[in-house]
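One structure is given below, encoded as C-alpha cells.
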Amino acid sequence: MGIRAILSSHLPNGQFGRHSLCLAAVGREHKKLPTLYFDIYRFSKQFPPLLLSIFGLSASDLCSFSFLFNLSLKIMKLDTSGLESAASLFGASSELFDGFATAPSFELPVTNDFDGFQKEAIQMVKPAKGTTTLAFIFKEGVMVAADSRASMGGYISSQSVKKIIEINPYMLGTMAGGAADCQFWHRNLGIKCRLHELANKRRISVTGASKLLANILYSYRGMGLSVGTMIAGWDETGPGLYYVDSEGGRLKGTRFSVGSGSPYAYGVLDSGYRYDLSIEEAAELARRAIYHATFRDGASGGVASVYYVGPNGWKKLSGDDVGELHYKYYPVMPSTVEQEMVEVSGA
Amino acid sequence: MECVFGLVGNGFAIVAADTSAVHSILVHKSNEDKIIILDSHKLIAASGEPGDRVQFTEYIQKNVALYQFRNGIPLTTVAAANFTRGELATALRKNPSFVNILLAGYDKETGPSLYYIDYIATLHKVEKGAFGYGSYFSLSMMDRHFHSGMSVEEAIDLVDKCILEIRSRLVVAPPNFVIKIVDKDGAREYAWRESVKEAVAA
C-alpha cells in the first residue's frame, strides 16, 4: 500500500500504461521486496532508455525511490538486508537526496526484535563459561589448574585452548567466560602491573593487581563482558588468590573453582584438601579435580594443565590429556568370563 | 540470599550480617565480611550485588575519611547517612548501585543510632532494621523481643535468636554470620557465629 503511494507520487502523469500496471501488480507482492527490486532492474535492463524515458526518471530518481522503498519497508518491518549494500552504493551519488542518505546514522540490524537480537548475539558469542578452572592456596604456594576445551553450544570448537594466562613471571590468571575478554583484559592487566613496577620500583601485590582488574571490569558492568577469572600469585605477603568476575565482584580466598564444571571440581577439591600438602600431592589433587569435572561436564575436556606458583614465580607442572588420565585412574580390568566358548575340535 | 539486620541498645548499636559469597548455586566462600568499618565509630552493613556492594561502600568510606582530613573533625552518623543516601539518589537515575545499607554509629552527643538506607535511596532512622530474605524472620523476632535500652547481653541473645530462626526456617540459609558492635569505645568486631568452618590459610 505504501509502495503504491510512493510509486504514484513519483511517476509522472500520463504515459505509463502497461508499465505502471506491472509495477502495481508487483507491488501487491510487496512482501518479497527482492523480487520487486529485481523486476524493476529487469525492466530497465530490457528497455533501459524506454523505461526511463516513459517514467521521465533519471538514474538518480530510480535510486531515490528505491531508497524510499527501503525506508517505507523498514517501517513495515520487512527483511531488506539483501539490499543494504546496493542502497548504499546508489545513495552516494547525487545531491537529490540531501537529508536522506547523508544523515549521520549507523547500521541497525534489520529485525523484528532488536533487543532480543542483541541478547541473542551476545549469547551466541559468549561461551557461557563452559570450562573448569580451579586454584587453591596451600603451604608451598598456589596451585592453578584448568581444562582446555572451548565449546560453542554443543560444538567443540577447540580442545587445546590455553586457559591459564601468564600475566607476568609471578602471577597467573585463569580464563572462564569469553575467551577474547579474558585474554585482552589479562594482557591489559599485565601492562598495568609492569607500569606500576616501573613507577614504584617494586612489584605490584596480588591484592593490587586484582583490585585494578576488578575496577576495570566494574566500570564495564552491564555492557556484556563475560569474565570469571582467578588471579593467583606470590608477592611479599606470600601466596595470594583472588576471584574477579565481570559483574564487578572480587573475593579473596583460599580455594576457588570457576566454570560450568566447577561444582564437580569443588567436590573433589574440598574432600582432598589439606593445607599441608606437598607440591606433588597438591598437583595430583588439582589434576584429579579437573579430571572429574571433565568426566561429568560436557563443556570441559581436552588437556588438564597444572601450574604451580611459588616464591620464585610460576612453573608449569603438567598437561595431561583427560582421556589418558581416565585410563590411568580407572585402568581396564580384564573382566571375568562366565562361560567360555571352547573350540570344538574338528571331527 | 543475604541477611543483614541490626538494632540499637543502651549506648551501643549492633549489626549482624551473613558471610556467604554466592554465585547462582555455588557458594564461593563462607567467610566474606560484609560489615565495613567506616571510621572509628561507624559501621556499614551492606547487602546487594557483589561488585556494587564493595565499590559503593569503599567509595563512602574514602569520602568520609576525606571529610575528616579536610576538616579535622569526623562526620556525625546522621551526616554520613545523609551523604550516603545522597550518593545513592544521585546515581539512581544514571548508574544505580544495588546495595542495601544499615549504617550504625555512635556519637558523643547523641549516642548510638541506626539508619536504614534502601537501594533506591530511602533513608530512615530506626531502632531495628533488616534486609534480605532473613528479614522475614528477624524483623518479627526483633519486634517481639526488642525493648529500648537493652544491654549488650540481651541484644546478643536477641541476635542469636534471629540467627537461629533464619538457619532453621530459611531454605537457602547462610551458615555463618558475623556480628559487629559500635559503642563509645569504637566500632569493632564482636563475634562470628559459624556452623561451617572455612579452611583458613595459616
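Just so we're on the same page: first chain in the C-alpha cells is A, next is B, and so on; residues restart at 1 for each chain, and ligands are numbered from 1 in the order they show up.
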
Within 12 Å of chain A: residues of chain B, using only C-alpha atoms, as a PyMOL selection string: chain B and resi 19-34+48-56+58-59+95-98+198-202

Residues flagged alpha helix (DSSP H) by DSSP in segment 11-192 of chain B, as a ChimeraX atom specification: /B:50-71,77-92,135-145,152-169

Long-range neighbours of Thr57 of chain B as a ChimeraX atom specification, 9 Å cut-off, only C-alpha atoms, 4 positions minimum in chain: /B:36,38,44,46,52-53,61-62,84,99,101

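Here atom CA of Gly238 of chain A stands at a distance of 11.4 Å from atom CA of Gly313 of chain A.
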
Two-atom distance - atom CA of Trp192 of chain B, atom CA of Ile60 of chain B (Å): 24.9 Å

Selection near segment 1-4 of chain B, 6 Å with only C-alpha atoms, sequence-local residues under 2 positions removed, as a CSV table (one decimal) with C-alpha atoms, in the first residue's frame:
chain,number,residue,atom,x,y,z
B,16,ALA,CA,24.9,-8.8,62.1
B,17,ALA,CA,25.4,-10.0,58.5
B,18,ASP,CA,25.7,-13.3,56.8
B,130,ALA,CA,16.8,-5.8,58.5
B,131,PHE,CA,17.3,-6.6,54.7
B,132,GLY,CA,17.1,-9.7,52.6
B,134,GLY,CA,16.3,-13.2,56.5

One-decimal distance in Å that lies between atom CA of Ser226 of chain A and atom CA of Ser158 of chain A: 18.9 Å

Who sits within 12 Å of Glu166 of chain A, only C-alpha atoms, same chain under 2 positions skipped, as number ranges by chain: A: 144, 162-164, 168-175, 182-183, 185-191, 230-233, 307-309, 313-316

Just C-alpha atoms for this one: save the residues we selected as a tab-separated table (two decimals), in the first residue's frame.
chain	number	residue	atom	x	y	z
A	144	VAL	CA	46.34	-23.44	39.49
A	162	LYS	CA	45.34	-22.04	26.91
A	163	LYS	CA	43.14	-21.12	29.82
A	164	ILE	CA	45.90	-20.21	32.22
A	168	ASN	CA	53.87	-11.77	34.49
A	169	PRO	CA	56.52	-14.20	35.78
A	170	TYR	CA	54.98	-14.42	39.23
A	171	MET	CA	51.25	-14.01	38.53
A	172	LEU	CA	48.79	-16.18	36.69
A	173	GLY	CA	45.23	-15.57	35.59
A	174	THR	CA	42.66	-18.19	34.66
A	175	MET	CA	40.16	-17.83	31.87
A	182	CYS	CA	39.79	-12.77	29.34
A	183	GLN	CA	42.83	-12.67	27.09
A	185	TRP	CA	41.96	-7.84	29.91
A	186	HIS	CA	44.64	-10.08	31.36
A	187	ARG	CA	47.10	-8.71	28.86
A	188	ASN	CA	45.96	-5.21	29.78
A	189	LEU	CA	46.42	-6.07	33.46
A	190	GLY	CA	49.95	-7.25	32.70
A	191	ILE	CA	50.70	-3.89	31.12
A	230	MET	CA	41.16	-16.00	39.32
A	231	ILE	CA	44.33	-14.02	39.90
A	232	ALA	CA	46.93	-16.19	41.61
A	233	GLY	CA	50.37	-15.02	42.54
A	307	TYR	CA	50.68	-24.75	37.19
A	308	TYR	CA	52.42	-24.05	40.46
A	309	VAL	CA	53.14	-20.54	41.76
A	313	GLY	CA	57.34	-17.39	40.20
A	314	TRP	CA	55.13	-19.79	38.31
A	315	LYS	CA	56.09	-23.08	36.74
A	316	LYS	CA	54.02	-25.36	34.53

Considering only C-alpha atoms, return as a PDB file with all heavy atoms, in the first residue's frame whatever protein or nucleic-acid residues lie within 10 Å of segment 168-172 of chain B, sequence-local ones (same chain, fewer than 2 positions apart) excluded.
ATOM      1  N   MET B   1      20.074 -16.074  50.120  1.00  0.00           N
ATOM      2  CA  MET B   1      20.206 -14.628  49.879  1.00  0.00           C
ATOM      3  C   MET B   1      20.808 -13.954  51.106  1.00  0.00           C
ATOM      4  O   MET B   1      20.915 -14.544  52.158  1.00  0.00           O
ATOM      5  CB  MET B   1      18.840 -14.037  49.591  1.00  0.00           C
ATOM      6  CG  MET B   1      18.905 -12.837  48.663  1.00  0.00           C
ATOM      7  SD  MET B   1      17.874 -11.525  49.266  1.00  0.00           S
ATOM      8  CE  MET B   1      18.663 -10.087  48.649  1.00  0.00           C
ATOM      9  N   GLU B   2      21.213 -12.707  50.942  1.00  0.00           N
ATOM     10  CA  GLU B   2      21.984 -12.072  52.002  1.00  0.00           C
ATOM     11  C   GLU B   2      21.096 -11.562  53.119  1.00  0.00           C
ATOM     12  O   GLU B   2      20.116 -10.887  52.881  1.00  0.00           O
ATOM     13  CB  GLU B   2      22.779 -10.926  51.396  1.00  0.00           C
ATOM     14  CG  GLU B   2      23.476 -11.374  50.135  1.00  0.00           C
ATOM     15  CD  GLU B   2      24.498 -10.394  49.657  1.00  0.00           C
ATOM     16  OE1 GLU B   2      24.387  -9.224  50.041  1.00  0.00           O
ATOM     17  OE2 GLU B   2      25.383 -10.789  48.908  1.00  0.00           O
ATOM     18  N   ILE B  25      24.247 -21.312  42.104  1.00  0.00           N
ATOM     19  CA  ILE B  25      24.087 -22.371  43.123  1.00  0.00           C
ATOM     20  C   ILE B  25      25.357 -22.603  43.933  1.00  0.00           C
ATOM     21  O   ILE B  25      25.381 -23.373  44.883  1.00  0.00           O
ATOM     22  CB  ILE B  25      23.670 -23.725  42.497  1.00  0.00           C
ATOM     23  CG1 ILE B  25      24.697 -24.187  41.466  1.00  0.00           C
ATOM     24  CG2 ILE B  25      22.299 -23.615  41.895  1.00  0.00           C
ATOM     25  CD1 ILE B  25      24.559 -25.651  41.133  1.00  0.00           C
ATOM     26  N   TYR B 133      16.129 -11.910  52.584  1.00  0.00           N
ATOM     27  CA  TYR B 133      15.118 -12.908  52.929  1.00  0.00           C
ATOM     28  C   TYR B 133      15.083 -13.142  54.431  1.00  0.00           C
ATOM     29  O   TYR B 133      14.039 -13.443  54.992  1.00  0.00           O
ATOM     30  CB  TYR B 133      15.405 -14.240  52.227  1.00  0.00           C
ATOM     31  CG  TYR B 133      15.112 -14.248  50.759  1.00  0.00           C
ATOM     32  CD1 TYR B 133      15.940 -14.924  49.876  1.00  0.00           C
ATOM     33  CD2 TYR B 133      14.002 -13.597  50.240  1.00  0.00           C
ATOM     34  CE1 TYR B 133      15.669 -14.937  48.528  1.00  0.00           C
ATOM     35  CE2 TYR B 133      13.734 -13.599  48.896  1.00  0.00           C
ATOM     36  CZ  TYR B 133      14.576 -14.275  48.041  1.00  0.00           C
ATOM     37  OH  TYR B 133      14.313 -14.296  46.710  1.00  0.00           O
ATOM     38  N   GLY B 134      16.231 -12.994  55.071  1.00  0.00           N
ATOM     39  CA  GLY B 134      16.271 -13.184  56.521  1.00  0.00           C
ATOM     40  C   GLY B 134      15.419 -12.184  57.266  1.00  0.00           C
ATOM     41  O   GLY B 134      15.007 -12.435  58.394  1.00  0.00           O
ATOM     42  N   TYR B 136      12.426 -11.459  56.830  1.00  0.00           N
ATOM     43  CA  TYR B 136      11.089 -12.000  57.123  1.00  0.00           C
ATOM     44  C   TYR B 136      11.049 -12.637  58.494  1.00  0.00           C
ATOM     45  O   TYR B 136      10.013 -12.650  59.145  1.00  0.00           O
ATOM     46  CB  TYR B 136      10.685 -13.028  56.064  1.00  0.00           C
ATOM     47  CG  TYR B 136      10.396 -12.407  54.719  1.00  0.00           C
ATOM     48  CD1 TYR B 136      11.282 -12.556  53.663  1.00  0.00           C
ATOM     49  CD2 TYR B 136       9.236 -11.672  54.513  1.00  0.00           C
ATOM     50  CE1 TYR B 136      11.029 -11.982  52.440  1.00  0.00           C
ATOM     51  CE2 TYR B 136       8.971 -11.086  53.289  1.00  0.00           C
ATOM     52  CZ  TYR B 136       9.865 -11.244  52.255  1.00  0.00           C
ATOM     53  OH  TYR B 136       9.623 -10.671  51.045  1.00  0.00           O
ATOM     54  N   PHE B 137      12.156 -13.194  58.914  1.00  0.00           N
ATOM     55  CA  PHE B 137      12.191 -13.860  60.219  1.00  0.00           C
ATOM     56  C   PHE B 137      12.716 -12.942  61.302  1.00  0.00           C
ATOM     57  O   PHE B 137      12.160 -12.902  62.408  1.00  0.00           O
ATOM     58  CB  PHE B 137      13.054 -15.125  60.123  1.00  0.00           C
ATOM     59  CG  PHE B 137      12.691 -15.989  58.951  1.00  0.00           C
ATOM     60  CD1 PHE B 137      13.470 -15.993  57.812  1.00  0.00           C
ATOM     61  CD2 PHE B 137      11.546 -16.777  58.989  1.00  0.00           C
ATOM     62  CE1 PHE B 137      13.127 -16.782  56.719  1.00  0.00           C
ATOM     63  CE2 PHE B 137      11.196 -17.558  57.907  1.00  0.00           C
ATOM     64  CZ  PHE B 137      11.981 -17.558  56.771  1.00  0.00           C
ATOM     65  N   CYS B 162      17.573 -14.559  66.388  1.00  0.00           N
ATOM     66  CA  CYS B 162      17.263 -14.289  64.980  1.00  0.00           C
ATOM     67  C   CYS B 162      18.063 -15.208  64.063  1.00  0.00           C
ATOM     68  O   CYS B 162      17.533 -15.767  63.094  1.00  0.00           O
ATOM     69  CB  CYS B 162      17.588 -12.840  64.629  1.00  0.00           C
ATOM     70  SG  CYS B 162      16.531 -11.653  65.440  1.00  0.00           S
ATOM     71  N   ILE B 163      19.351 -15.379  64.376  1.00  0.00           N
ATOM     72  CA  ILE B 163      20.192 -16.236  63.537  1.00  0.00           C
ATOM     73  C   ILE B 163      19.665 -17.663  63.568  1.00  0.00           C
ATOM     74  O   ILE B 163      19.588 -18.346  62.535  1.00  0.00           O
ATOM     75  CB  ILE B 163      21.663 -16.179  64.024  1.00  0.00           C
ATOM     76  CG1 ILE B 163      22.255 -14.808  63.732  1.00  0.00           C
ATOM     77  CG2 ILE B 163      22.494 -17.257  63.352  1.00  0.00           C
ATOM     78  CD1 ILE B 163      23.658 -14.634  64.231  1.00  0.00           C
ATOM     79  N   LEU B 164      19.271 -18.115  64.743  1.00  0.00           N
ATOM     80  CA  LEU B 164      18.739 -19.476  64.858  1.00  0.00           C
ATOM     81  C   LEU B 164      17.489 -19.632  64.013  1.00  0.00           C
ATOM     82  O   LEU B 164      17.305 -20.631  63.314  1.00  0.00           O
ATOM     83  CB  LEU B 164      18.429 -19.763  66.326  1.00  0.00           C
ATOM     84  CG  LEU B 164      17.957 -21.168  66.641  1.00  0.00           C
ATOM     85  CD1 LEU B 164      19.026 -22.177  66.277  1.00  0.00           C
ATOM     86  CD2 LEU B 164      17.608 -21.279  68.113  1.00  0.00           C
ATOM     87  N   GLU B 165      16.617 -18.605  64.068  1.00  0.00           N
ATOM     88  CA  GLU B 165      15.375 -18.667  63.306  1.00  0.00           C
ATOM     89  C   GLU B 165      15.663 -18.700  61.813  1.00  0.00           C
ATOM     90  O   GLU B 165      15.078 -19.475  61.063  1.00  0.00           O
ATOM     91  CB  GLU B 165      14.531 -17.441  63.678  1.00  0.00           C
ATOM     92  CG  GLU B 165      13.112 -17.478  63.192  1.00  0.00           C
ATOM     93  CD  GLU B 165      12.323 -18.659  63.733  1.00  0.00           C
ATOM     94  OE1 GLU B 165      12.722 -19.214  64.776  1.00  0.00           O
ATOM     95  OE2 GLU B 165      11.344 -19.027  63.090  1.00  0.00           O
ATOM     96  N   ILE B 166      16.595 -17.841  61.375  1.00  0.00           N
ATOM     97  CA  ILE B 166      16.949 -17.819  59.948  1.00  0.00           C
ATOM     98  C   ILE B 166      17.504 -19.172  59.531  1.00  0.00           C
ATOM     99  O   ILE B 166      17.145 -19.732  58.491  1.00  0.00           O
ATOM    100  CB  ILE B 166      17.975 -16.700  59.664  1.00  0.00           C
ATOM    101  CG1 ILE B 166      17.336 -15.332  59.841  1.00  0.00           C
ATOM    102  CG2 ILE B 166      18.548 -16.830  58.265  1.00  0.00           C
ATOM    103  CD1 ILE B 166      18.310 -14.198  59.787  1.00  0.00           C
ATOM    104  N   PRO B 174      22.139 -18.982  55.048  1.00  0.00           N
ATOM    105  CA  PRO B 174      23.599 -18.912  55.093  1.00  0.00           C
ATOM    106  C   PRO B 174      24.106 -19.531  56.388  1.00  0.00           C
ATOM    107  O   PRO B 174      23.500 -19.373  57.439  1.00  0.00           O
ATOM    108  CB  PRO B 174      23.872 -17.403  55.065  1.00  0.00           C
ATOM    109  CG  PRO B 174      22.619 -16.751  55.484  1.00  0.00           C
ATOM    110  CD  PRO B 174      21.496 -17.674  55.198  1.00  0.00           C
ATOM    111  N   PRO B 175      25.217 -20.268  56.319  1.00  0.00           N
ATOM    112  CA  PRO B 175      25.672 -20.973  57.511  1.00  0.00           C
ATOM    113  C   PRO B 175      26.352 -20.083  58.553  1.00  0.00           C
ATOM    114  O   PRO B 175      26.241 -20.330  59.741  1.00  0.00           O
ATOM    115  CB  PRO B 175      26.657 -22.003  56.973  1.00  0.00           C
ATOM    116  CG  PRO B 175      27.128 -21.429  55.692  1.00  0.00           C
ATOM    117  CD  PRO B 175      26.025 -20.605  55.146  1.00  0.00           C
TER     118      PRO B 175
END

DSSP strand (DSSP E) selection over segment 2-97 of chain B, as a ChimeraX atom specification: /B:4-8,12-18,21-23,26-29,35-39,42-48

Restricted to C-alpha atoms, what would the selected residues look like written as an mmCIF file, in the first residue's frame?
data_model
loop_
_atom_site.group_PDB
_atom_site.id
_atom_site.type_symbol
_atom_site.label_atom_id
_atom_site.label_comp_id
_atom_site.auth_asym_id
_atom_site.auth_seq_id
_atom_site.Cartn_x
_atom_site.Cartn_y
_atom_site.Cartn_z
ATOM 1 C CA VAL B 4 21.597 -8.239 57.288
ATOM 2 C CA PHE B 5 19.964 -6.979 60.456
ATOM 3 C CA GLY B 6 20.738 -4.672 63.366
ATOM 4 C CA LEU B 7 19.386 -2.953 66.442
ATOM 5 C CA VAL B 8 20.145 -0.164 68.892
ATOM 6 C CA PHE B 12 25.622 0.790 71.597
ATOM 7 C CA ALA B 13 24.380 -0.349 68.199
ATOM 8 C CA ILE B 14 24.860 -3.841 66.901
ATOM 9 C CA VAL B 15 24.675 -5.221 63.352
ATOM 10 C CA ALA B 16 24.866 -8.783 62.078
ATOM 11 C CA ALA B 17 25.362 -9.971 58.519
ATOM 12 C CA ASP B 18 25.736 -13.322 56.848
ATOM 13 C CA ALA B 21 29.575 -15.112 48.833
ATOM 14 C CA VAL B 22 27.263 -16.915 46.462
ATOM 15 C CA HIS B 23 27.165 -17.232 42.664
ATOM 16 C CA LEU B 26 27.715 -22.198 44.200
ATOM 17 C CA VAL B 27 28.970 -20.830 47.494
ATOM 18 C CA HIS B 28 32.368 -19.392 46.682
ATOM 19 C CA LYS B 29 33.287 -18.609 50.256
ATOM 20 C CA ILE B 35 30.275 -5.160 57.503
ATOM 21 C CA ILE B 36 32.727 -2.396 56.716
ATOM 22 C CA ILE B 37 34.176 -0.203 59.402
ATOM 23 C CA LEU B 38 33.517 3.260 58.047
ATOM 24 C CA ASP B 39 35.566 5.110 60.590
ATOM 25 C CA LYS B 42 30.664 3.911 62.354
ATOM 26 C CA LEU B 43 29.794 0.653 60.672
ATOM 27 C CA ILE B 44 28.149 -0.066 57.335
ATOM 28 C CA ALA B 45 26.499 -3.433 56.873
ATOM 29 C CA ALA B 46 25.762 -3.793 53.186
ATOM 30 C CA SER B 47 23.935 -6.365 51.097
ATOM 31 C CA GLY B 48 23.345 -6.471 47.399
#

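Proximity to Asp321 of chain A at 12 Å, evaluated using only C-alpha atoms and with sequence-adjacent residues fewer than 3 positions away removed, yields Ala146, Asp147, Ser148, Arg149, Gln159, Ser160, Arg287, Arg288, Ile290, Tyr291, Thr294, Phe295, Ser300, Gly301, Gly302, Val303, Ala304, Ser305, Val306, Ser318, Glu324, Leu325, His326, Tyr327 and Lys328 of chain A.
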
Export of the given selection (N, CA and C atoms) as a PDB file, in the first residue's frame:
ATOM      1  N   ALA A 146      43.496 -26.000  34.990  1.00  0.00           N
ATOM      2  CA  ALA A 146      42.364 -25.712  34.110  1.00  0.00           C
ATOM      3  C   ALA A 146      42.290 -26.780  33.026  1.00  0.00           C
ATOM      4  N   ASP A 147      41.105 -26.885  32.415  1.00  0.00           N
ATOM      5  CA  ASP A 147      40.962 -27.775  31.257  1.00  0.00           C
ATOM      6  C   ASP A 147      41.311 -26.966  30.012  1.00  0.00           C
ATOM      7  N   SER A 148      41.032 -27.524  28.831  1.00  0.00           N
ATOM      8  CA  SER A 148      41.418 -26.784  27.629  1.00  0.00           C
ATOM      9  C   SER A 148      40.397 -26.888  26.520  1.00  0.00           C
ATOM     10  N   ARG A 149      39.126 -27.067  26.896  1.00  0.00           N
ATOM     11  CA  ARG A 149      38.121 -27.209  25.839  1.00  0.00           C
ATOM     12  C   ARG A 149      37.393 -25.905  25.642  1.00  0.00           C
ATOM     13  N   GLN A 159      40.112 -28.164  21.411  1.00  0.00           N
ATOM     14  CA  GLN A 159      40.485 -28.954  22.589  1.00  0.00           C
ATOM     15  C   GLN A 159      41.811 -28.490  23.151  1.00  0.00           C
ATOM     16  N   SER A 160      42.347 -27.397  22.618  1.00  0.00           N
ATOM     17  CA  SER A 160      43.689 -27.017  23.059  1.00  0.00           C
ATOM     18  C   SER A 160      43.763 -25.529  23.295  1.00  0.00           C
ATOM     19  N   ARG A 287      44.916 -32.019  39.500  1.00  0.00           N
ATOM     20  CA  ARG A 287      44.714 -32.772  38.263  1.00  0.00           C
ATOM     21  C   ARG A 287      43.482 -33.646  38.380  1.00  0.00           C
ATOM     22  N   ARG A 288      43.341 -34.296  39.530  1.00  0.00           N
ATOM     23  CA  ARG A 288      42.208 -35.206  39.736  1.00  0.00           C
ATOM     24  C   ARG A 288      40.889 -34.454  39.718  1.00  0.00           C
ATOM     25  N   ILE A 290      40.232 -31.617  38.172  1.00  0.00           N
ATOM     26  CA  ILE A 290      39.914 -31.240  36.786  1.00  0.00           C
ATOM     27  C   ILE A 290      39.418 -32.459  36.028  1.00  0.00           C
ATOM     28  N   TYR A 291      40.069 -33.599  36.223  1.00  0.00           N
ATOM     29  CA  TYR A 291      39.650 -34.803  35.501  1.00  0.00           C
ATOM     30  C   TYR A 291      38.191 -35.146  35.818  1.00  0.00           C
ATOM     31  N   THR A 294      35.867 -32.811  34.081  1.00  0.00           N
ATOM     32  CA  THR A 294      35.747 -33.056  32.644  1.00  0.00           C
ATOM     33  C   THR A 294      34.966 -34.331  32.378  1.00  0.00           C
ATOM     34  N   PHE A 295      35.024 -35.269  33.330  1.00  0.00           N
ATOM     35  CA  PHE A 295      34.278 -36.514  33.132  1.00  0.00           C
ATOM     36  C   PHE A 295      32.779 -36.255  33.116  1.00  0.00           C
ATOM     37  N   SER A 300      33.634 -29.260  29.403  1.00  0.00           N
ATOM     38  CA  SER A 300      35.043 -29.247  29.821  1.00  0.00           C
ATOM     39  C   SER A 300      35.707 -30.490  29.304  1.00  0.00           C
ATOM     40  N   GLY A 301      36.972 -30.364  28.929  1.00  0.00           N
ATOM     41  CA  GLY A 301      37.684 -31.532  28.433  1.00  0.00           C
ATOM     42  C   GLY A 301      39.034 -31.139  27.894  1.00  0.00           C
ATOM     43  N   GLY A 302      39.603 -32.007  27.099  1.00  0.00           N
ATOM     44  CA  GLY A 302      40.884 -31.676  26.479  1.00  0.00           C
ATOM     45  C   GLY A 302      42.036 -32.086  27.364  1.00  0.00           C
ATOM     46  N   VAL A 303      42.823 -31.094  27.751  1.00  0.00           N
ATOM     47  CA  VAL A 303      44.051 -31.344  28.492  1.00  0.00           C
ATOM     48  C   VAL A 303      43.942 -30.665  29.845  1.00  0.00           C
ATOM     49  N   ALA A 304      44.301 -31.391  30.912  1.00  0.00           N
ATOM     50  CA  ALA A 304      44.300 -30.784  32.244  1.00  0.00           C
ATOM     51  C   ALA A 304      45.683 -30.217  32.502  1.00  0.00           C
ATOM     52  N   SER A 305      45.792 -28.872  32.498  1.00  0.00           N
ATOM     53  CA  SER A 305      47.111 -28.276  32.772  1.00  0.00           C
ATOM     54  C   SER A 305      47.179 -27.865  34.222  1.00  0.00           C
ATOM     55  N   VAL A 306      48.330 -28.080  34.819  1.00  0.00           N
ATOM     56  CA  VAL A 306      48.534 -27.728  36.224  1.00  0.00           C
ATOM     57  C   VAL A 306      49.751 -26.835  36.321  1.00  0.00           C
ATOM     58  N   SER A 318      52.351 -29.824  34.613  1.00  0.00           N
ATOM     59  CA  SER A 318      51.952 -30.934  33.745  1.00  0.00           C
ATOM     60  C   SER A 318      50.800 -30.539  32.861  1.00  0.00           C
ATOM     61  N   GLU A 324      43.484 -39.914  28.672  1.00  0.00           N
ATOM     62  CA  GLU A 324      44.530 -40.794  29.197  1.00  0.00           C
ATOM     63  C   GLU A 324      44.473 -40.869  30.709  1.00  0.00           C
ATOM     64  N   LEU A 325      44.147 -39.735  31.350  1.00  0.00           N
ATOM     65  CA  LEU A 325      44.022 -39.745  32.810  1.00  0.00           C
ATOM     66  C   LEU A 325      42.944 -40.722  33.249  1.00  0.00           C
ATOM     67  N   HIS A 326      41.865 -40.773  32.469  1.00  0.00           N
ATOM     68  CA  HIS A 326      40.787 -41.689  32.835  1.00  0.00           C
ATOM     69  C   HIS A 326      41.285 -43.114  32.935  1.00  0.00           C
ATOM     70  N   TYR A 327      42.034 -43.540  31.926  1.00  0.00           N
ATOM     71  CA  TYR A 327      42.508 -44.934  31.960  1.00  0.00           C
ATOM     72  C   TYR A 327      43.613 -45.118  32.966  1.00  0.00           C
ATOM     73  N   LYS A 328      44.284 -44.033  33.320  1.00  0.00           N
ATOM     74  CA  LYS A 328      45.293 -44.160  34.378  1.00  0.00           C
ATOM     75  C   LYS A 328      44.610 -44.363  35.727  1.00  0.00           C
TER      76      LYS A 328
END
